[in-house]
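Have a look at the structure below before the remarks.
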Amino acid sequence: ARRAEVALNKILMYVEMNSPANLHERHKLVFSLLSDVESGGSRASYVQPLTKVHLLHVRPFWKQRLAVTQQLRPVDLGRRELWECEEITGGFDAWICRLTPALMTYASDDALLQECYKIACDVPELALKLLPFAALSAALTLRSSENEAAVAKAVAEGLTRYTLRSGGRATMAALSMLEKLRQAHREDMRLFNRRVGKGEVLPRTWYCPYWAPVDCIAVADAALAAERPVTALLWSEMAFEAQRDAPVTGGRGSRKTSRPAGGWDSSAGLVRVEPPQPGGDVASPTRVLRDCCAAVGEQDSVAAAARGAAPDARLTRALAGRKWVSALQAADAMLATTAREDAARCSRLTISAASALRALGCEHVRNRLVSGTAARHDAAMDAAQCEVAWRLGEWEPLQLADTEAGADGEDGSSFNRQLLRTLAAATARDRVSAVKALRALRCGVARRMVANSNERDLIAQGILGQLLVVDQMEAVADMCWRLQQGVAAGDTQDMNLYGDEPDIASEQVTWLGKWADIRSLVASAPSVGFEHTEMLFAAERAALLALSWEGAPAHIARCDLTMASAARKAGWVGASSSALQRVAAAGKAVGLEPAEVQIEQAKLLCAEGESREAVAWLAHVARLSEGEVTPASKAYAAYLQGKWLASTMADSARNVVDGYLRPAATQLAALAAQQPQVAAPGGRSVAALACRSHFQLAQFSARAYRSAVEYETVGDGRYLVEHRERKREAIAKLTEHLKTDGKKLEHARRVMLSRKIKQQENTLKLDDEDAAAAAATRREMLRVAAQGYAEAMRLGDAYDLPAAFSLLSLWFNHADDSEVMRAASAAATGLPTIKWLPVVYQVAARLDEPTPQTEQFQLTIRQLLVRLAKDHPHHALHHIIALKNGDRIPDEKKTMRDAAGAGLCSKGKQEAAKEILKQLATCRAAMPSVRSGQTVELAEVVRATDKLVDVYLDVAFKTTETSMVNGRVTKTHGKLPMSARQPRGVHEAALLTALTPPRADMAYGPEALPRFAGFVDPNKPPDNPGGINAPILLKVHASDGGVYRQLVKSGSDDMRQDAVMEQLFELVNRLLARSPEAARRRLRVGTYPVVPFSPAAGCVGFVTGTVELGWWLYKDSAMKGAHKRYRPQDWSYSDCRNVLDKARNPARGDGGGGGKLAARLVEEYGRICNHFRPVLRHFFTEHFASPSEWLERRLAFTRSAATSSIVGYVVGLGDRHASNILISTSTAEVTHIDLGCAFEQGRLLRVPETVPFRLTRDVVDGMGVNGVEGPFRACAGVTMAVMRASKEALMTIVEVFIHDPLYNWTLNDFERDRRQRDDGEDGEDIDGNDDMEVDGEEVGAAGDARNSEATRALGRVRAKLDGVEGGEVYAPDGQVAKLIEEARDPRNLCALYSGWGSFL
């Protein structure tokens, strides 16, 4: 029997390998099966027909000899017994052995299934495996036949009316069958229309993705009941998307149109708000979608799906948004209108209310609520009651015997019951019951994990947390029993669950340490909500109650205090307050430091919005005696006071700095110097707190300085200055008048005039004293800020990047201030160079020939650059070399470049860079060589890097050839120059587009940093990926054996602009990573390496695994683009462009004013959109097969699109046409390229850009049926909130960028014209005007004009970060809403340049 089972398993493997790619494996498997024929048993007889079919596949010419044994007659699929799975008809095994053979009768073209017919009639396991294949083969066999529609309808009715309602394994089998059909349709659509250009069209597999026209909502409801939420979400979205396939009336070119639902004006999403319905449980599409989103656990999607004023929508929205009081109110309102007879609905509402009470920390009220509900027959309510019991340690009333509800641990709701039984048995020292409950607990969690492994993230579901709790509970049961027995560990070998430990005390320490590690593991996962971490805290507390050892109360108090901190950070203020109350009730006996508890209580007050009370509460810590508070706690309390006072502006800046922040930072720094690893309140080390306190001190001081300067220059202070000057002039005039004409005046007049002068002099003296005090305060704030940033960089690395940029800003703008210069010089020469490496470009940009006024400044710059180049040559040298090559541009571009003032480096910068390189070329410091284990002098690395840059410049300037073909300029690539075909002396240089992160130990061996090893096929012309400037696509060998792809650009592209923007994106990513909400959503901006070599050439790291958005939508020459494949009846991309161009430039005599033009553009845009439907949603079904991957990747796309849109808007990034956006085929995240049009220069183009970012219909279509009303809006709001909260840091960074003397971010007339040429579909230049004659007098960009533009750009960025839009101030969510409205407004979209593709 065992060997027969092995044979059956091999048969199942054979079925799963039904693919030509697995022919060899199948052949070996059949030979293995032949050896089992002699094994006997009922299963052995199945090997012979399987072997026969295999030989048919291996030898196709045997088809006539090896005919199918019998021709099966199709059965009637309309019979109820084929689809209904009931116990009275034999149960699941009998049902599956009826349905699968019935479908096989229609698979006449599949010899394998025909031969397996008898096996499927007898073996349920094989029948279950064969069901999806039988359905697929039947669908393919019946394709385009006469009875296809009838059979498909019978299958759909049987599934909908019977199978999906049967539940259990029958529903799972039906879902797997439908998924197989959907996957076949998905694969066929990937290959559809490949040969459209040859006039041959491949037929679709079938019209709908699942062949049988089943009710999608019924399938989604069944999948939801079967705990397949992602599959249910996929099917519910199919129901909403069906309306998009409605036909459109009016032919191409016709002005007669119709706008069905889902047309061009519905890009916000397909979900509509439904009115409240009586009963509330009708299986409507909106309700099913809402339940699917809630089951998946994606909060942003829930908020979008649960719109409206219906009570159930309000409840779902409140629970997802963590508005616990609103959730209680909504549940109460729904319970008031629910009949008592509807026990299931009452149970669900009670559980929802209990969840809200749990988050509010009202465990005892929750206990009374669920305990008083008579619904013991309901598994969910039973789980809720058990959960409350084990959380509160009330396991006395529980009967330890198995109960009917979840006793075997097979359902998800039994976890709480089995955990309660385990703790109760451990407390009672009943080892037999504890082991039995643990076994059921472990099996239940394992089954749930296996059943849901393909649906959702295990961590997000809390299953990982449950597994970790099970592991810890086994140790709890063991320790409880051993504590009761009171025997030594060495005498309990036969009683210990997992073996012996040296003693029980060491076991306790290990067990507590594992709890801390478990909490950190689960909390570190970005997708984990606090509800799962809170469950671990509660389980640890319950376990400590069950153990009841001597030190348990102290550990329980520590657990509660840690939980209070975590709950406060997660926004569960009620739960935090409840935990702190338990700590306070425990008193001093638990051994906690009083200051630690008081500091956490003050933090809770601040989280509740009572900052003033929090500051007053912390004053108690300062009055504690030395025995009651540690120096670290006292300093930390002073730091928190200053931080909260600074955030609320409740005291003067001088008092906050001198009274709180500076003393706290100084004391923490002194403690860090003595004991850096000592823990302070909050879990951080003293060294980390010292670094943080200095950074906060510097930030506040810099903010106070900027506010004072703005007040003095542009605010009311300017009028006070002017008033003082006028008063000074008036006093001088009066004094002069009294001096010259005093003898002529009467005595009384002279006395009155003297008194008036004296009075005004006294007033002026007071004003001057106030002004002097204000100036002294400004100077002090400036000095404290510079020193604070330097100290923050010295004490730690948590704030290195923002501190370095901020210190640079102060240094560059106040180089004449001795205190700032002293702090900057000390930091530049004393701090580790890795802290300065992220800003090496900005430092190098300030390099120049020294003058008497800038001698010290330039000396410090040179010293820093030399240090950077010596310690990190591969990361810093190319910046200096680019300065040396500051005038290397193609000869044909020199006239235009000189005229346009396009950022050529001055002779002084070039000479200074050459001097530094000359100094480095004599350095004999040893560096790791490309030859493993050997070293080379730094001078050799410098020479190799310089030569490699020269090679790339030769490639950029000497490879591309320009010619005229049919009146059009054509750019082609010839062979690489000789210097690139045979590079010499460059192999010690790093591959600059594959730089690894800098290392503090400066160990840059070949295993850590790949070196350049030559070009691939250097004798062949490189590829041309297309575009106006015809970049050169290179493949490069590296020392690590890899092959890297690079794009070398030259001509009109200044790669320094892209490099600076990529640097800004990296900074934004760091800010997003520090935000809990952004980190939970994994928000980031896509980046790629950019290395400029000169003002006219540079290299870009190829973003592998991506496609251009426009290429996939309409440019793909092999597959003709997704619009051609999925919507062949729609207009083409060229047709849409032509319609827009004709509307913008009508025939002579058909013009009109601006109003008529706008109306005509809107009308034509609407007509285009009705004949050109979005298709981007199919990108995710094409590239990501499983439902879970489909959902995860679509969320990644939506989140990255939202983040890049908001970041791009803030920095004014323009020219976002579909070819400048890449989408990853593996992660679906977007990456923006061609970043030279920044700081709202797009509004100055020939056809001004009128939208803040790209949010066209195809982009919205890729976000799912909720459109922008889901993760996109939420993630955009989070990104905007993070950027506005980091306004000062961002403004500092942007200011450094804009005032960079090398960063030419303004577009000249040539650039504006180039970006909106009539480039056609292929993106090639057709006018040939690549040069431009400009009058030197007109384009000589003066410094004043540049400063004026920089001031304007800075002001616009600051206004955006202040929420100012159109003269009105918005909150972050309101600002995002306005931007989304502008980006989707047809009046804005139709006014864009047609090549931008606003209709995509």
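As shown in the structure tokens, the chain order sets the letters A, B, ...; within each chain, residues go from 1, and ligands are also counted from 1 in the order they appear.
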
Name the residues of segment 913-1089 of chain A that come out as strand (DSSP E or B) in a backbone DSSP run; write them as a PyMOL selection string.
chain A and resi 926-928+935-937+960-965+968-973+990+1011-1015+1023+1032-1038+1043-1050

Those residues with N, CA, C and O atoms, as a compact mmCIF listing (two decimals), in the first residue's frame please?
# COMPACT_ATOMS: atom_id res chain seq x y z
N ALA A 926 48.78 53.27 0.57
CA ALA A 926 48.42 51.96 0.02
C ALA A 926 46.90 51.83 -0.07
O ALA A 926 46.18 52.12 0.90
N MET A 927 46.43 51.35 -1.21
CA MET A 927 45.01 51.12 -1.44
C MET A 927 44.82 49.69 -1.94
O MET A 927 45.72 49.12 -2.59
N PRO A 928 43.65 49.07 -1.66
CA PRO A 928 43.42 47.71 -2.18
C PRO A 928 43.43 47.70 -3.70
O PRO A 928 42.87 48.57 -4.36
N THR A 935 48.12 45.41 -2.94
CA THR A 935 47.84 46.83 -2.75
C THR A 935 48.46 47.63 -3.88
O THR A 935 49.34 47.15 -4.60
N VAL A 936 47.99 48.84 -4.00
CA VAL A 936 48.49 49.75 -5.02
C VAL A 936 48.50 51.14 -4.42
O VAL A 936 47.74 51.45 -3.49
N GLU A 937 49.36 52.00 -4.92
CA GLU A 937 49.43 53.36 -4.41
C GLU A 937 48.20 54.16 -4.81
O GLU A 937 47.61 53.92 -5.88
N THR A 960 28.97 59.14 -31.82
CA THR A 960 27.74 59.47 -32.52
C THR A 960 28.03 60.25 -33.80
O THR A 960 28.84 61.19 -33.80
N GLU A 961 27.37 59.86 -34.89
CA GLU A 961 27.49 60.52 -36.18
C GLU A 961 26.14 61.09 -36.58
O GLU A 961 25.12 60.42 -36.45
N THR A 962 26.13 62.34 -37.07
CA THR A 962 24.91 63.02 -37.46
C THR A 962 24.87 63.16 -38.98
O THR A 962 25.86 63.54 -39.60
N SER A 963 23.72 62.83 -39.55
CA SER A 963 23.55 62.92 -41.01
C SER A 963 22.13 63.35 -41.31
O SER A 963 21.25 63.30 -40.45
N MET A 964 21.91 63.79 -42.54
CA MET A 964 20.60 64.20 -43.02
C MET A 964 20.03 63.11 -43.90
O MET A 964 20.65 62.70 -44.89
N VAL A 965 18.86 62.60 -43.56
CA VAL A 965 18.17 61.58 -44.34
C VAL A 965 16.76 62.07 -44.61
O VAL A 965 15.96 62.24 -43.68
N ARG A 968 15.69 65.02 -42.65
CA ARG A 968 15.62 64.89 -41.19
C ARG A 968 17.00 64.55 -40.65
O ARG A 968 17.78 63.84 -41.28
N VAL A 969 17.28 65.08 -39.48
CA VAL A 969 18.55 64.80 -38.83
C VAL A 969 18.48 63.41 -38.20
O VAL A 969 17.57 63.11 -37.43
N THR A 970 19.43 62.57 -38.57
CA THR A 970 19.49 61.21 -38.03
C THR A 970 20.82 61.02 -37.33
O THR A 970 21.88 61.35 -37.87
N LYS A 971 20.76 60.47 -36.14
CA LYS A 971 21.96 60.22 -35.35
C LYS A 971 22.18 58.72 -35.25
O LYS A 971 21.29 57.98 -34.83
N THR A 972 23.35 58.28 -35.67
CA THR A 972 23.71 56.86 -35.59
C THR A 972 25.02 56.72 -34.82
O THR A 972 25.80 57.67 -34.70
N HIS A 973 25.26 55.52 -34.33
CA HIS A 973 26.47 55.25 -33.56
C HIS A 973 27.42 54.41 -34.39
O HIS A 973 27.05 53.35 -34.92
N ALA A 990 37.25 52.30 -10.28
CA ALA A 990 35.99 51.65 -9.94
C ALA A 990 34.98 51.85 -11.06
O ALA A 990 35.06 52.80 -11.84
N ARG A 1011 35.62 46.79 -10.08
CA ARG A 1011 36.46 47.65 -10.90
C ARG A 1011 36.09 47.51 -12.38
O ARG A 1011 35.52 46.50 -12.81
N PHE A 1012 36.44 48.51 -13.14
CA PHE A 1012 36.21 48.49 -14.58
C PHE A 1012 37.15 47.47 -15.23
O PHE A 1012 38.34 47.46 -14.99
N ALA A 1013 36.55 46.60 -16.11
CA ALA A 1013 37.36 45.56 -16.75
C ALA A 1013 37.23 45.56 -18.27
O ALA A 1013 37.65 44.62 -18.92
N GLY A 1014 36.62 46.59 -18.85
CA GLY A 1014 36.52 46.67 -20.30
C GLY A 1014 35.08 46.63 -20.79
O GLY A 1014 34.17 46.21 -20.08
N PHE A 1015 34.91 47.05 -22.04
CA PHE A 1015 33.58 47.06 -22.65
C PHE A 1015 33.31 45.71 -23.32
O PHE A 1015 34.22 45.04 -23.80
N ASP A 1023 24.56 50.08 -29.01
CA ASP A 1023 23.13 50.21 -29.27
C ASP A 1023 22.67 51.64 -29.03
O ASP A 1023 23.26 52.40 -28.25
N ILE A 1032 24.14 56.53 -25.80
CA ILE A 1032 24.91 55.35 -26.18
C ILE A 1032 24.73 54.30 -25.08
O ILE A 1032 25.05 54.54 -23.92
N LEU A 1033 24.22 53.13 -25.46
CA LEU A 1033 24.01 52.05 -24.51
C LEU A 1033 25.23 51.13 -24.53
O LEU A 1033 25.55 50.53 -25.57
N LEU A 1034 25.92 51.04 -23.41
CA LEU A 1034 27.13 50.25 -23.29
C LEU A 1034 26.94 49.10 -22.31
O LEU A 1034 26.17 49.21 -21.35
N LYS A 1035 27.65 48.02 -22.57
CA LYS A 1035 27.75 46.92 -21.63
C LYS A 1035 29.19 46.83 -21.17
O LYS A 1035 30.12 46.83 -22.00
N VAL A 1036 29.38 46.75 -19.87
CA VAL A 1036 30.72 46.85 -19.29
C VAL A 1036 31.01 45.62 -18.44
O VAL A 1036 30.16 45.20 -17.63
N HIS A 1037 32.17 45.05 -18.65
CA HIS A 1037 32.66 43.97 -17.79
C HIS A 1037 33.18 44.58 -16.49
O HIS A 1037 33.80 45.65 -16.49
N ALA A 1038 32.94 43.88 -15.38
CA ALA A 1038 33.45 44.33 -14.08
C ALA A 1038 34.33 43.24 -13.49
O ALA A 1038 34.28 42.07 -13.89
N VAL A 1043 28.21 41.84 -15.65
CA VAL A 1043 28.11 42.72 -16.83
C VAL A 1043 27.08 43.79 -16.50
O VAL A 1043 25.93 43.47 -16.17
N TYR A 1044 27.50 45.04 -16.57
CA TYR A 1044 26.65 46.17 -16.21
C TYR A 1044 26.32 46.98 -17.47
O TYR A 1044 27.15 47.13 -18.35
N ARG A 1045 25.10 47.49 -17.50
CA ARG A 1045 24.69 48.33 -18.62
C ARG A 1045 24.69 49.80 -18.19
O ARG A 1045 24.28 50.13 -17.08
N GLN A 1046 25.17 50.65 -19.10
CA GLN A 1046 25.28 52.07 -18.83
C GLN A 1046 24.77 52.86 -20.03
O GLN A 1046 24.82 52.38 -21.17
N LEU A 1047 24.29 54.05 -19.76
CA LEU A 1047 23.92 54.99 -20.81
C LEU A 1047 24.87 56.17 -20.75
O LEU A 1047 24.98 56.84 -19.70
N VAL A 1048 25.57 56.42 -21.83
CA VAL A 1048 26.47 57.57 -21.92
C VAL A 1048 25.74 58.64 -22.72
O VAL A 1048 25.30 58.40 -23.85
N LYS A 1049 25.61 59.82 -22.14
CA LYS A 1049 24.89 60.91 -22.77
C LYS A 1049 25.84 62.08 -23.02
O LYS A 1049 26.76 62.33 -22.25
N SER A 1050 25.54 62.78 -24.09
CA SER A 1050 26.32 63.98 -24.41
C SER A 1050 25.44 64.93 -25.19
O SER A 1050 24.32 64.58 -25.60

Check the DSSP output for the backbone and give back, as a ChimeraX atom specification, the residues of segment 639-688 of chain A in alpha helix (DSSP H).
/A:639-648,653-656,662-674,686-688

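The list of residues with at least one atom within 9 Å of Glu1066 of chain A, based on only C-alpha atoms and without residues fewer than 3 positions apart in the same chain, reads Met1061, Glu1062, Gln1063, Asn1069, Arg1070, Leu1071, Arg1084, Val1085, Gly1086 and Thr1087 of chain A.
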
If you measure from atom CA of Ala1196 of chain A to atom CA of Thr1227 of chain A, what distance in Å do you get, rounded to one decimal?
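One can read the atom CA of Ala1196 of chain A to atom CA of Thr1227 of chain A distance as 6.9 Å.
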
Using only C-alpha atoms, which protein or nucleic acid residues come within 10 Å of segment 228-236 of chain A? Drop anything in the same chain fewer than 3 positions from it, and give the result as a PyMOL selection string.
chain A and resi 172+175+179+215-225+239-241+285-297+451-452+454-456+1186-1192+1264-1265

I want to know what sits within 7 Å of segment 1268-1284 of chain A, based on only C-alpha atoms, with residues of the same chain fewer than 3 positions away left out; could you give that as a compact mmCIF listing (two decimals) with all heavy atoms, in the first residue's frame?
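Full text of around-v6.txt as output:
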# COMPACT_ATOMS: atom_id res chain seq x y z
N ALA A 268 -11.38 58.84 -11.20
CA ALA A 268 -11.18 58.80 -9.76
C ALA A 268 -11.40 57.41 -9.20
O ALA A 268 -11.00 57.10 -8.10
CB ALA A 268 -12.13 59.78 -9.07
N GLY A 269 -12.02 56.53 -9.97
CA GLY A 269 -12.30 55.18 -9.52
C GLY A 269 -13.68 54.75 -9.93
O GLY A 269 -14.55 55.55 -10.27
N ASP A 300 -5.52 51.86 3.85
CA ASP A 300 -5.83 52.92 2.90
C ASP A 300 -6.91 52.48 1.92
O ASP A 300 -7.79 53.26 1.55
CB ASP A 300 -4.57 53.32 2.14
CG ASP A 300 -3.49 53.83 3.08
OD1 ASP A 300 -3.84 54.36 4.16
OD2 ASP A 300 -2.30 53.70 2.74
N SER A 301 -6.87 51.21 1.52
CA SER A 301 -7.90 50.70 0.62
C SER A 301 -9.24 50.60 1.33
O SER A 301 -10.29 50.84 0.72
CB SER A 301 -7.49 49.32 0.07
OG SER A 301 -6.30 49.41 -0.67
N ALA A 303 -10.35 52.59 3.66
CA ALA A 303 -10.90 53.94 3.75
C ALA A 303 -11.55 54.35 2.44
O ALA A 303 -12.55 55.07 2.43
CB ALA A 303 -9.80 54.93 4.13
N ALA A 304 -11.00 53.89 1.31
CA ALA A 304 -11.58 54.24 0.02
C ALA A 304 -12.83 53.43 -0.27
O ALA A 304 -13.81 53.95 -0.82
CB ALA A 304 -10.55 54.03 -1.09
N LEU A 1072 11.69 60.03 4.66
CA LEU A 1072 10.53 59.14 4.67
C LEU A 1072 10.79 57.92 5.54
O LEU A 1072 9.88 57.43 6.21
CB LEU A 1072 10.20 58.71 3.25
CG LEU A 1072 9.67 59.80 2.31
CD1 LEU A 1072 9.56 59.28 0.89
CD2 LEU A 1072 8.31 60.31 2.79
N GLU A 1077 4.68 56.30 9.69
CA GLU A 1077 3.62 56.07 8.71
C GLU A 1077 4.19 55.82 7.33
O GLU A 1077 3.71 54.95 6.59
CB GLU A 1077 2.67 57.27 8.69
CG GLU A 1077 1.79 57.40 9.91
CD GLU A 1077 0.86 56.21 10.05
OE1 GLU A 1077 0.25 55.81 9.05
OE2 GLU A 1077 0.75 55.67 11.16
N ALA A 1078 5.21 56.57 6.95
CA ALA A 1078 5.82 56.37 5.63
C ALA A 1078 6.58 55.05 5.59
O ALA A 1078 6.56 54.35 4.57
CB ALA A 1078 6.75 57.53 5.30
N THR A 1198 1.16 52.04 -6.75
CA THR A 1198 0.36 53.18 -6.29
C THR A 1198 1.14 54.02 -5.29
O THR A 1198 1.13 55.26 -5.36
CB THR A 1198 -0.94 52.68 -5.67
OG1 THR A 1198 -1.61 51.82 -6.60
CG2 THR A 1198 -1.85 53.83 -5.31
N ARG A 1199 1.82 53.37 -4.38
CA ARG A 1199 2.56 54.11 -3.36
C ARG A 1199 3.75 54.86 -3.96
O ARG A 1199 4.00 56.03 -3.61
CB ARG A 1199 3.04 53.13 -2.29
CG ARG A 1199 1.92 52.59 -1.41
CD ARG A 1199 2.36 51.40 -0.60
NE ARG A 1199 1.34 50.97 0.34
CZ ARG A 1199 1.38 49.83 1.03
NH1 ARG A 1199 2.42 49.01 0.88
NH2 ARG A 1199 0.40 49.51 1.87
N ALA A 1202 2.46 57.86 -5.87
CA ALA A 1202 2.05 58.94 -4.98
C ALA A 1202 3.27 59.67 -4.41
O ALA A 1202 3.31 60.92 -4.38
CB ALA A 1202 1.20 58.38 -3.84
N THR A 1203 4.26 58.92 -3.98
CA THR A 1203 5.45 59.55 -3.39
C THR A 1203 6.20 60.39 -4.41
O THR A 1203 6.56 61.54 -4.15
CB THR A 1203 6.38 58.46 -2.82
OG1 THR A 1203 5.64 57.64 -1.92
CG2 THR A 1203 7.54 59.08 -2.09
N ILE A 1206 4.29 63.71 -5.33
CA ILE A 1206 4.36 64.80 -4.34
C ILE A 1206 5.77 65.37 -4.27
O ILE A 1206 5.96 66.61 -4.24
CB ILE A 1206 3.89 64.30 -2.97
CG1 ILE A 1206 2.43 63.88 -3.03
CG2 ILE A 1206 4.08 65.38 -1.92
CD1 ILE A 1206 1.47 64.98 -3.47
N VAL A 1260 -4.11 56.23 -13.27
CA VAL A 1260 -5.16 55.96 -12.29
C VAL A 1260 -5.71 54.55 -12.50
O VAL A 1260 -6.06 53.85 -11.54
CB VAL A 1260 -6.27 57.02 -12.39
CG1 VAL A 1260 -7.43 56.68 -11.47
CG2 VAL A 1260 -5.72 58.39 -12.06
N LYS A 1287 10.26 70.82 6.75
CA LYS A 1287 10.41 71.99 5.88
C LYS A 1287 11.77 72.64 6.03
O LYS A 1287 12.43 72.96 5.03
CB LYS A 1287 9.31 73.01 6.19
CG LYS A 1287 9.38 74.26 5.33
CD LYS A 1287 8.32 75.27 5.72
CE LYS A 1287 8.66 75.89 7.06
NZ LYS A 1287 7.74 77.00 7.40
N LEU A 1361 5.70 74.12 0.81
CA LEU A 1361 5.88 73.44 2.10
C LEU A 1361 5.09 74.11 3.21
O LEU A 1361 4.87 73.50 4.26
CB LEU A 1361 7.37 73.39 2.46
CG LEU A 1361 8.24 72.55 1.53
CD1 LEU A 1361 9.71 72.64 1.94
CD2 LEU A 1361 7.80 71.11 1.52
N ASP A 1362 4.66 75.34 3.00
CA ASP A 1362 3.77 76.02 3.94
C ASP A 1362 2.31 75.74 3.64
O ASP A 1362 1.43 76.18 4.39
CB ASP A 1362 4.01 77.53 3.92
CG ASP A 1362 5.31 77.90 4.62
OD1 ASP A 1362 5.74 77.14 5.50
OD2 ASP A 1362 5.88 78.95 4.27
N PRO A 1372 -2.19 69.55 4.99
CA PRO A 1372 -1.61 68.59 4.03
C PRO A 1372 -2.64 67.82 3.23
O PRO A 1372 -2.50 67.70 2.00
CB PRO A 1372 -0.78 67.67 4.94
CG PRO A 1372 -0.39 68.52 6.09
CD PRO A 1372 -1.55 69.43 6.33
N ASP A 1373 -3.69 67.31 3.88
CA ASP A 1373 -4.70 66.55 3.14
C ASP A 1373 -5.46 67.45 2.16
O ASP A 1373 -5.76 67.04 1.03
CB ASP A 1373 -5.68 65.89 4.11
CG ASP A 1373 -5.03 64.76 4.89
OD1 ASP A 1373 -3.98 64.28 4.45
OD2 ASP A 1373 -5.56 64.39 5.95
N VAL A 1376 -3.20 68.15 -0.83
CA VAL A 1376 -3.16 66.99 -1.72
C VAL A 1376 -4.44 66.90 -2.54
O VAL A 1376 -4.41 66.61 -3.74
CB VAL A 1376 -2.91 65.71 -0.92
CG1 VAL A 1376 -3.16 64.47 -1.77
CG2 VAL A 1376 -1.50 65.69 -0.37

Among A:Ala389, A:Arg981, A:Leu745, A:Leu995, Lys1020 of chain A is approached most closely, using only C-alpha atoms, by A:Arg981

Show me, as a list in words, the residues that have an atom within 9 Å of Ile556 of chain A when counting only C-alpha atoms, minus same-chain residues fewer than 2 positions from it.
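With the cut-off at 9 Å, the set is Glu540, Arg541, Ala542, Leu544, Leu545, Gly551, Ala552, Pro553, Ala554, Arg558, Cys559, Asp560, Leu561, Val583 and Val590 of chain A.
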